[in-house]
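Below is one structure, written out as structure tokens; comments come after it.
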Amino acid sequence: MFEFEKYQKLLTLLLYTVAIFFLFNFQFEGSFEYIVCEIAFVAYCLYILAILRSGIFKHIYEPPVFFLLFSFIYEVLKFPYYFKYSPVSSIVKASGLFRPIFPISDYYGNSALLLLYQVICLTVLIYVYQLIKKQAKPIKIKATPEHVYISREGTITVICIFFLVVGFIGLYSITGGNLLFLLTRRAGNEEAGKILKDNPLVSFSASFVLILIPILIGFKSISNKSWKPLIAIYIPAMVLSYIVSGGRGPMIYSIASVFIILSSQKDFSFSIVKLSVIGGVIILLFSFLGLVRRSFTDTTNIFENFQSRTEVEDQWYYELSGYQLQFRDEMVFANADRAGYLLGNSYLNLLFFPIPRSVLGDSKPQFIDFEVCTKFWGRDDVGLPLNAMGEAYFNFGWFGILVFVILGFIMAKITLVLSGSRSIVVKYAGVVLLFYAETWCTTYLVYMLMFAIVILIAIPWVKESFLIPNEDTTDELHLIDT
């Protein structure tokens, strides 16, 4: 289960496709800085894909797999910036961010240096990760039985329904019955933003269900039970998550987690066609839901606002790539010294996230997305998270590379724990939570840890209650001593 080898052919195809695509789109005209930036971008993308298909990863649940994959997706959407050679200011305007505090100019040279910085960070992370894994001593323990019997799935189903009901009741209560009100936060409604901050249980309930259902689907697939009835819970959970936060990520990560979990089953038929359909649906959802949430300037003229946005030239295109064409990391890399380095402040949320801001007040550190938005664009109505490399630079400059020594160590330890566990539920939880960690930005890492604490506290009980091993299985497996 969870073997990474089955994806090698797909990654090889992707590597060659990307290389050919970049070759035929390469622009040989432009400034020296622009040409260097093009070359750096191509090298960066191919470097990540080459690592993924190199064979150093054995299981899909290894954290660097997720880290590299999200890093690739994060950067590849900036293709127009590196190849279209449009003025930066015009793309920023199209992506919806206006009047940055620091002037937007043609800083392709800075972007090339940023890509170099990211390559160094990734190299350090992978080196430390491999070093920690190699130092572990192999031991022989009894393998997890190939066939296990899952019981008490109904308990998890009841938990999902409970949190779903709590989420909808909470949403109705805090909005006075106007269930779509919180979506106006994405259009700058400060009141909606304040209500959501003061009621974290509502957003937690929606997200928690989207984490539990992929794990429950995995349970049912193991015991050869139909998981399709769970759609009756799954779709309302997605709707609740979206109308509460306006975020597309939780839905997409949850669907992707289901796909990974199902593909780990031996009877799952993997095909390029199936993957293409899923990818197409995700792309359409990303674009469509992005337009919808910005149509909620109020809750009365939604259709008219949506229609006007679809008529804007290139609007659908920028919904797909514009999220990264806001140049958050590029802006930070070029101007962090002028805005002031955070000196580790954003990482403090790893310690203080369980404590409500109503208790700590202004003493609670701000999330990285808030710091970027306020210090570089002078806005506090949207969030602009960085990737893990951009956050490290915003905190410590070039010394932020050392952060990836720690990240590599943490990722190796997570892999060792997952590899050493004989519980399938632990691996399922690991896959889902790694997806929710996204690019390991502090903001998403904090959220992931919050869910991990809730789930992993119950792991000893889950291992006893939900996994009844087939005692006839006595195979041995070489695992890692944690």
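Ordering of the structure tokens sets the chain letters (A, B, ...); residue numbers start at 1 within each chain; ligands are numbered from 1 in the order shown.
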ask   = Could you pull the residues within 9 Å of Leu14 in chain A, counting only C-alpha atoms, minus those fewer than 5 positions along the same chain, as a VMD selection string?
value = chain A and resid 9 19 49
Show which residues sit within 12 Å of Ser111 in chain A, as a PDB file with N, CA and C atoms, in the first residue's frame. Count only C-alpha atoms, and ignore same-chain residues fewer than 2 positions away.
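Here's the written file result_13.pdb:
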ATOM      1  N   GLU A  33      18.199  40.119 -17.364  1.00  0.00           N
ATOM      2  CA  GLU A  33      17.569  39.622 -16.146  1.00  0.00           C
ATOM      3  C   GLU A  33      16.378  38.725 -16.464  1.00  0.00           C
ATOM      4  N   TYR A  34      15.616  39.109 -17.500  1.00  0.00           N
ATOM      5  CA  TYR A  34      14.451  38.323 -17.889  1.00  0.00           C
ATOM      6  C   TYR A  34      14.855  36.947 -18.411  1.00  0.00           C
ATOM      7  N   ILE A  35      15.876  36.885 -19.267  1.00  0.00           N
ATOM      8  CA  ILE A  35      16.345  35.609 -19.810  1.00  0.00           C
ATOM      9  C   ILE A  35      16.856  34.710 -18.689  1.00  0.00           C
ATOM     10  N   VAL A  36      17.608  35.295 -17.757  1.00  0.00           N
ATOM     11  CA  VAL A  36      18.116  34.523 -16.621  1.00  0.00           C
ATOM     12  C   VAL A  36      16.963  33.980 -15.791  1.00  0.00           C
ATOM     13  N   CYS A  37      15.923  34.790 -15.626  1.00  0.00           N
ATOM     14  CA  CYS A  37      14.765  34.385 -14.837  1.00  0.00           C
ATOM     15  C   CYS A  37      14.034  33.230 -15.523  1.00  0.00           C
ATOM     16  N   GLU A  38      13.914  33.289 -16.837  1.00  0.00           N
ATOM     17  CA  GLU A  38      13.310  32.185 -17.586  1.00  0.00           C
ATOM     18  C   GLU A  38      14.064  30.880 -17.361  1.00  0.00           C
ATOM     19  N   ILE A  39      15.383  30.958 -17.496  1.00  0.00           N
ATOM     20  CA  ILE A  39      16.226  29.768 -17.332  1.00  0.00           C
ATOM     21  C   ILE A  39      16.091  29.217 -15.911  1.00  0.00           C
ATOM     22  N   ALA A  40      16.092  30.113 -14.931  1.00  0.00           N
ATOM     23  CA  ALA A  40      15.982  29.688 -13.528  1.00  0.00           C
ATOM     24  C   ALA A  40      14.637  29.014 -13.267  1.00  0.00           C
ATOM     25  N   PHE A  41      13.581  29.550 -13.868  1.00  0.00           N
ATOM     26  CA  PHE A  41      12.249  28.983 -13.677  1.00  0.00           C
ATOM     27  C   PHE A  41      12.156  27.576 -14.267  1.00  0.00           C
ATOM     28  N   TYR A  44      14.179  25.209 -12.113  1.00  0.00           N
ATOM     29  CA  TYR A  44      13.498  24.961 -10.839  1.00  0.00           C
ATOM     30  C   TYR A  44      12.420  23.886 -10.992  1.00  0.00           C
ATOM     31  N   GLU A  75       4.644  27.252  -8.091  1.00  0.00           N
ATOM     32  CA  GLU A  75       5.447  28.068  -9.001  1.00  0.00           C
ATOM     33  C   GLU A  75       5.007  27.955 -10.448  1.00  0.00           C
ATOM     34  N   LYS A  78       2.854  30.424 -12.286  1.00  0.00           N
ATOM     35  CA  LYS A  78       3.406  31.749 -12.609  1.00  0.00           C
ATOM     36  C   LYS A  78       3.974  31.786 -14.023  1.00  0.00           C
ATOM     37  N   TYR A  81       4.193  35.051 -16.011  1.00  0.00           N
ATOM     38  CA  TYR A  81       5.164  36.029 -15.511  1.00  0.00           C
ATOM     39  C   TYR A  81       6.547  35.768 -16.082  1.00  0.00           C
ATOM     40  N   TYR A  82       6.927  34.492 -16.170  1.00  0.00           N
ATOM     41  CA  TYR A  82       8.269  34.159 -16.624  1.00  0.00           C
ATOM     42  C   TYR A  82       8.389  34.090 -18.146  1.00  0.00           C
ATOM     43  N   VAL A  88       4.999  43.710 -14.901  1.00  0.00           N
ATOM     44  CA  VAL A  88       4.540  43.132 -13.647  1.00  0.00           C
ATOM     45  C   VAL A  88       3.298  43.852 -13.136  1.00  0.00           C
ATOM     46  N   SER A 105       7.995  46.960  -9.910  1.00  0.00           N
ATOM     47  CA  SER A 105       8.828  47.262 -11.075  1.00  0.00           C
ATOM     48  C   SER A 105       9.282  45.959 -11.708  1.00  0.00           C
ATOM     49  N   ASP A 106      10.088  46.067 -12.734  1.00  0.00           N
ATOM     50  CA  ASP A 106      10.589  44.871 -13.406  1.00  0.00           C
ATOM     51  C   ASP A 106      11.755  44.314 -12.591  1.00  0.00           C
ATOM     52  N   TYR A 107      11.448  43.433 -11.656  1.00  0.00           N
ATOM     53  CA  TYR A 107      12.520  42.903 -10.811  1.00  0.00           C
ATOM     54  C   TYR A 107      12.733  41.419 -11.103  1.00  0.00           C
ATOM     55  N   TYR A 108      12.899  41.093 -12.380  1.00  0.00           N
ATOM     56  CA  TYR A 108      13.153  39.710 -12.768  1.00  0.00           C
ATOM     57  C   TYR A 108      14.457  39.195 -12.168  1.00  0.00           C
ATOM     58  N   GLY A 109      15.429  40.091 -11.989  1.00  0.00           N
ATOM     59  CA  GLY A 109      16.668  39.672 -11.364  1.00  0.00           C
ATOM     60  C   GLY A 109      16.430  39.149  -9.954  1.00  0.00           C
ATOM     61  N   LEU A 113      16.929  35.267  -8.315  1.00  0.00           N
ATOM     62  CA  LEU A 113      17.590  34.978  -7.041  1.00  0.00           C
ATOM     63  C   LEU A 113      16.656  34.221  -6.100  1.00  0.00           C
ATOM     64  N   LEU A 114      15.360  34.573  -6.133  1.00  0.00           N
ATOM     65  CA  LEU A 114      14.386  33.871  -5.301  1.00  0.00           C
ATOM     66  C   LEU A 114      14.324  32.387  -5.668  1.00  0.00           C
ATOM     67  N   LEU A 115      14.316  32.092  -6.965  1.00  0.00           N
ATOM     68  CA  LEU A 115      14.295  30.705  -7.401  1.00  0.00           C
ATOM     69  C   LEU A 115      15.560  29.969  -6.963  1.00  0.00           C
ATOM     70  N   LEU A 116      16.698  30.645  -7.025  1.00  0.00           N
ATOM     71  CA  LEU A 116      17.951  30.049  -6.540  1.00  0.00           C
ATOM     72  C   LEU A 116      17.849  29.762  -5.049  1.00  0.00           C
ATOM     73  N   TYR A 117      17.312  30.698  -4.307  1.00  0.00           N
ATOM     74  CA  TYR A 117      17.110  30.531  -2.860  1.00  0.00           C
ATOM     75  C   TYR A 117      16.235  29.311  -2.582  1.00  0.00           C
ATOM     76  N   GLN A 118      15.168  29.153  -3.358  1.00  0.00           N
ATOM     77  CA  GLN A 118      14.262  28.032  -3.147  1.00  0.00           C
ATOM     78  C   GLN A 118      14.937  26.702  -3.482  1.00  0.00           C
ATOM     79  N   PHE A 327       2.409  37.685  -6.729  1.00  0.00           N
ATOM     80  CA  PHE A 327       3.835  37.913  -6.467  1.00  0.00           C
ATOM     81  C   PHE A 327       4.127  38.203  -5.003  1.00  0.00           C
ATOM     82  N   ARG A 328       3.495  37.434  -4.150  1.00  0.00           N
ATOM     83  CA  ARG A 328       3.734  37.634  -2.725  1.00  0.00           C
ATOM     84  C   ARG A 328       5.184  37.326  -2.353  1.00  0.00           C
ATOM     85  N   ASP A 329       5.667  36.157  -2.796  1.00  0.00           N
ATOM     86  CA  ASP A 329       7.034  35.762  -2.449  1.00  0.00           C
ATOM     87  C   ASP A 329       8.061  36.676  -3.117  1.00  0.00           C
ATOM     88  N   GLU A 330       7.778  37.063  -4.373  1.00  0.00           N
ATOM     89  CA  GLU A 330       8.696  37.959  -5.072  1.00  0.00           C
ATOM     90  C   GLU A 330       8.766  39.326  -4.383  1.00  0.00           C
ATOM     91  N   MET A 331       7.598  39.823  -3.976  1.00  0.00           N
ATOM     92  CA  MET A 331       7.548  41.114  -3.286  1.00  0.00           C
ATOM     93  C   MET A 331       8.314  41.055  -1.967  1.00  0.00           C
ATOM     94  N   VAL A 332       8.123  39.976  -1.203  1.00  0.00           N
ATOM     95  CA  VAL A 332       8.809  39.834   0.075  1.00  0.00           C
ATOM     96  C   VAL A 332      10.309  39.716  -0.130  1.00  0.00           C
ATOM     97  N   PHE A 333      10.715  38.922  -1.116  1.00  0.00           N
ATOM     98  CA  PHE A 333      12.144  38.716  -1.360  1.00  0.00           C
ATOM     99  C   PHE A 333      12.833  40.015  -1.759  1.00  0.00           C
ATOM    100  N   ALA A 334      12.120  40.848  -2.520  1.00  0.00           N
ATOM    101  CA  ALA A 334      12.717  42.098  -2.980  1.00  0.00           C
ATOM    102  C   ALA A 334      12.712  43.189  -1.916  1.00  0.00           C
ATOM    103  N   ASN A 335      11.771  43.109  -0.948  1.00  0.00           N
ATOM    104  CA  ASN A 335      11.584  44.243  -0.045  1.00  0.00           C
ATOM    105  C   ASN A 335      11.498  43.888   1.434  1.00  0.00           C
ATOM    106  N   GLY A 390       9.394  31.368   1.069  1.00  0.00           N
ATOM    107  CA  GLY A 390       9.165  32.798   1.219  1.00  0.00           C
ATOM    108  C   GLY A 390       9.016  33.199   2.675  1.00  0.00           C
TER     109      GLY A 390
END
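CA of Leu343 in chain A is found 10.3 Å from CA of Phe399 in chain A.
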query = Which residues in range 334-408 of chain A does DSSP call alpha helix (DSSP H)? List them as a count of residues only.
reply = 39
inquiry  = If we count only C-alpha atoms and set the cut-off at 10 Å, which residues sit around Tyr436 in chain A, ignoring sequence neighbours fewer than 4 positions away in its own chain? Please answer as a list in words.
reply    = Phe66, Ser207, Ile211, Gly249, Pro250, Ile252, Tyr253, Ser254, Ser257, Gly430, Val431, Val432, Trp440, Tyr444, Leu445, Val446, Tyr447, Met448, Leu449 and Phe451 of chain A
List the spatial neighbours of Glu62 in chain A as a PDB file with C-alpha atoms, in the first residue's frame - criterion: any atom at most 8 Å away, only C-alpha atoms, same-chain residues fewer than 4 positions off excluded.
ATOM      1  CA  PHE A  57      10.890   8.112  -2.119  1.00  0.00           C
ATOM      2  CA  LYS A  58       9.310   4.744  -1.463  1.00  0.00           C
ATOM      3  CA  PHE A  66       3.828  16.569  -0.707  1.00  0.00           C
ATOM      4  CA  MET A 411       9.724  15.354   7.885  1.00  0.00           C
ATOM      5  CA  ILE A 414       7.095  11.820  10.498  1.00  0.00           C
ATOM      6  CA  THR A 415       8.084   9.306   7.814  1.00  0.00           C
TER       7      THR A 415
END
message = Using only C-alpha atoms, which protein or nucleic acid residues come within 8 Å of range 233-246 of chain A? Drop anything in the same chain fewer than 5 positions from it, and give the result as a list of chain:residue names.
response = A:Cys160, A:Ile161, A:Leu164, A:Gly167, A:Phe168, A:Leu171, A:Leu179, A:Leu180, A:Leu182, A:Leu183, A:Arg186, A:Leu196, A:Val202, A:Ser203, A:Ala206, A:Ser207, A:Val209, A:Leu210, A:Ile213, A:Met251, A:Arg293
Dump of N, CA and C atoms for the selected residues, as a PDB file, in the first residue's frame:
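Saved file part03.pdb follows:
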ATOM      1  N   CYS A 160     -19.115  12.681  12.254  1.00  0.00           N
ATOM      2  CA  CYS A 160     -19.169  13.575  11.093  1.00  0.00           C
ATOM      3  C   CYS A 160     -20.508  14.316  11.040  1.00  0.00           C
ATOM      4  N   ILE A 161     -21.591  13.580  11.236  1.00  0.00           N
ATOM      5  CA  ILE A 161     -22.921  14.201  11.204  1.00  0.00           C
ATOM      6  C   ILE A 161     -23.064  15.219  12.330  1.00  0.00           C
ATOM      7  N   LEU A 164     -21.174  18.319  11.458  1.00  0.00           N
ATOM      8  CA  LEU A 164     -21.835  18.985  10.348  1.00  0.00           C
ATOM      9  C   LEU A 164     -23.050  19.760  10.834  1.00  0.00           C
ATOM     10  N   GLY A 167     -21.923  22.735  12.802  1.00  0.00           N
ATOM     11  CA  GLY A 167     -21.442  23.784  11.905  1.00  0.00           C
ATOM     12  C   GLY A 167     -22.565  24.595  11.305  1.00  0.00           C
ATOM     13  N   PHE A 168     -23.615  23.917  10.808  1.00  0.00           N
ATOM     14  CA  PHE A 168     -24.736  24.633  10.187  1.00  0.00           C
ATOM     15  C   PHE A 168     -25.539  25.425  11.224  1.00  0.00           C
ATOM     16  N   LEU A 171     -23.455  28.410  12.055  1.00  0.00           N
ATOM     17  CA  LEU A 171     -23.495  29.378  10.952  1.00  0.00           C
ATOM     18  C   LEU A 171     -24.813  30.153  10.967  1.00  0.00           C
ATOM     19  N   LEU A 179     -27.269  32.691   5.685  1.00  0.00           N
ATOM     20  CA  LEU A 179     -26.187  31.710   5.609  1.00  0.00           C
ATOM     21  C   LEU A 179     -25.067  32.118   4.657  1.00  0.00           C
ATOM     22  N   LEU A 180     -25.336  33.013   3.731  1.00  0.00           N
ATOM     23  CA  LEU A 180     -24.324  33.413   2.752  1.00  0.00           C
ATOM     24  C   LEU A 180     -23.547  34.656   3.189  1.00  0.00           C
ATOM     25  N   LEU A 182     -21.207  35.289   5.405  1.00  0.00           N
ATOM     26  CA  LEU A 182     -19.766  35.237   5.627  1.00  0.00           C
ATOM     27  C   LEU A 182     -18.968  35.305   4.326  1.00  0.00           C
ATOM     28  N   LEU A 183     -19.593  34.960   3.200  1.00  0.00           N
ATOM     29  CA  LEU A 183     -18.880  35.042   1.922  1.00  0.00           C
ATOM     30  C   LEU A 183     -18.555  36.480   1.545  1.00  0.00           C
ATOM     31  N   ARG A 186     -14.894  37.988   1.680  1.00  0.00           N
ATOM     32  CA  ARG A 186     -13.938  37.949   0.571  1.00  0.00           C
ATOM     33  C   ARG A 186     -14.020  39.200  -0.287  1.00  0.00           C
ATOM     34  N   LEU A 196     -16.373  35.803  11.865  1.00  0.00           N
ATOM     35  CA  LEU A 196     -15.715  34.510  11.666  1.00  0.00           C
ATOM     36  C   LEU A 196     -14.562  34.320  12.642  1.00  0.00           C
ATOM     37  N   VAL A 202     -17.134  27.241  14.224  1.00  0.00           N
ATOM     38  CA  VAL A 202     -17.924  27.018  13.010  1.00  0.00           C
ATOM     39  C   VAL A 202     -17.032  26.539  11.875  1.00  0.00           C
ATOM     40  N   SER A 203     -15.928  27.250  11.632  1.00  0.00           N
ATOM     41  CA  SER A 203     -15.019  26.846  10.552  1.00  0.00           C
ATOM     42  C   SER A 203     -14.319  25.536  10.884  1.00  0.00           C
ATOM     43  N   ALA A 206     -16.595  22.491  10.015  1.00  0.00           N
ATOM     44  CA  ALA A 206     -16.652  22.168   8.589  1.00  0.00           C
ATOM     45  C   ALA A 206     -15.374  21.486   8.124  1.00  0.00           C
ATOM     46  N   SER A 207     -14.238  22.025   8.509  1.00  0.00           N
ATOM     47  CA  SER A 207     -12.967  21.460   8.072  1.00  0.00           C
ATOM     48  C   SER A 207     -12.725  20.082   8.671  1.00  0.00           C
ATOM     49  N   VAL A 209     -14.868  17.774   9.415  1.00  0.00           N
ATOM     50  CA  VAL A 209     -15.633  16.758   8.684  1.00  0.00           C
ATOM     51  C   VAL A 209     -14.920  16.408   7.381  1.00  0.00           C
ATOM     52  N   LEU A 210     -14.375  17.396   6.697  1.00  0.00           N
ATOM     53  CA  LEU A 210     -13.670  17.140   5.445  1.00  0.00           C
ATOM     54  C   LEU A 210     -12.390  16.344   5.660  1.00  0.00           C
ATOM     55  N   ILE A 213     -13.918  12.371   6.692  1.00  0.00           N
ATOM     56  CA  ILE A 213     -14.572  11.566   5.658  1.00  0.00           C
ATOM     57  C   ILE A 213     -13.574  10.819   4.776  1.00  0.00           C
ATOM     58  N   MET A 251     -11.711  21.822   0.263  1.00  0.00           N
ATOM     59  CA  MET A 251     -12.427  20.889  -0.598  1.00  0.00           C
ATOM     60  C   MET A 251     -11.474  20.131  -1.514  1.00  0.00           C
ATOM     61  N   ARG A 293     -17.130  33.569  -5.019  1.00  0.00           N
ATOM     62  CA  ARG A 293     -16.917  34.181  -3.711  1.00  0.00           C
ATOM     63  C   ARG A 293     -16.676  35.683  -3.817  1.00  0.00           C
TER      64      ARG A 293
END
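Considering only C-alpha atoms, the residue among A:Leu416, A:Val42, A:Leu212, A:Leu360 positioned nearest to Lys134 in chain A is A:Leu416.
Every protein or nucleic acid residue with an atom no more than 7 Å from range 120-124 of chain A, counting only C-alpha atoms and leaving out same-chain residues fewer than 2 positions away, appears here: Leu116, Tyr117, Gln118, Ile126, Tyr127, Val128, Met389, Ile401, Phe404 and Val405 of chain A.
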Store the residues picked out above in a file with N, CA and C atoms, as a PDB file, in the first residue's frame.
ATOM      1  N   LEU A 116      16.698  30.645  -7.025  1.00  0.00           N
ATOM      2  CA  LEU A 116      17.951  30.049  -6.540  1.00  0.00           C
ATOM      3  C   LEU A 116      17.849  29.762  -5.049  1.00  0.00           C
ATOM      4  N   TYR A 117      17.312  30.698  -4.307  1.00  0.00           N
ATOM      5  CA  TYR A 117      17.110  30.531  -2.860  1.00  0.00           C
ATOM      6  C   TYR A 117      16.235  29.311  -2.582  1.00  0.00           C
ATOM      7  N   GLN A 118      15.168  29.153  -3.358  1.00  0.00           N
ATOM      8  CA  GLN A 118      14.262  28.032  -3.147  1.00  0.00           C
ATOM      9  C   GLN A 118      14.937  26.702  -3.482  1.00  0.00           C
ATOM     10  N   ILE A 126      16.025  18.010   1.451  1.00  0.00           N
ATOM     11  CA  ILE A 126      16.136  16.630   0.991  1.00  0.00           C
ATOM     12  C   ILE A 126      17.388  15.965   1.561  1.00  0.00           C
ATOM     13  N   TYR A 127      18.490  16.694   1.629  1.00  0.00           N
ATOM     14  CA  TYR A 127      19.743  16.126   2.161  1.00  0.00           C
ATOM     15  C   TYR A 127      19.564  15.729   3.629  1.00  0.00           C
ATOM     16  N   VAL A 128      19.008  16.640   4.431  1.00  0.00           N
ATOM     17  CA  VAL A 128      18.810  16.348   5.856  1.00  0.00           C
ATOM     18  C   VAL A 128      17.820  15.201   6.017  1.00  0.00           C
ATOM     19  N   MET A 389       9.393  28.638   1.655  1.00  0.00           N
ATOM     20  CA  MET A 389      10.660  29.325   1.392  1.00  0.00           C
ATOM     21  C   MET A 389      10.517  30.833   1.563  1.00  0.00           C
ATOM     22  N   ILE A 401      17.507  29.676   5.201  1.00  0.00           N
ATOM     23  CA  ILE A 401      17.837  28.354   4.664  1.00  0.00           C
ATOM     24  C   ILE A 401      17.984  27.346   5.792  1.00  0.00           C
ATOM     25  N   PHE A 404      15.237  24.920   6.944  1.00  0.00           N
ATOM     26  CA  PHE A 404      14.971  23.666   6.239  1.00  0.00           C
ATOM     27  C   PHE A 404      15.805  22.510   6.766  1.00  0.00           C
ATOM     28  N   VAL A 405      16.794  22.812   7.580  1.00  0.00           N
ATOM     29  CA  VAL A 405      17.458  21.756   8.339  1.00  0.00           C
ATOM     30  C   VAL A 405      16.467  21.171   9.338  1.00  0.00           C
TER      31      VAL A 405
END
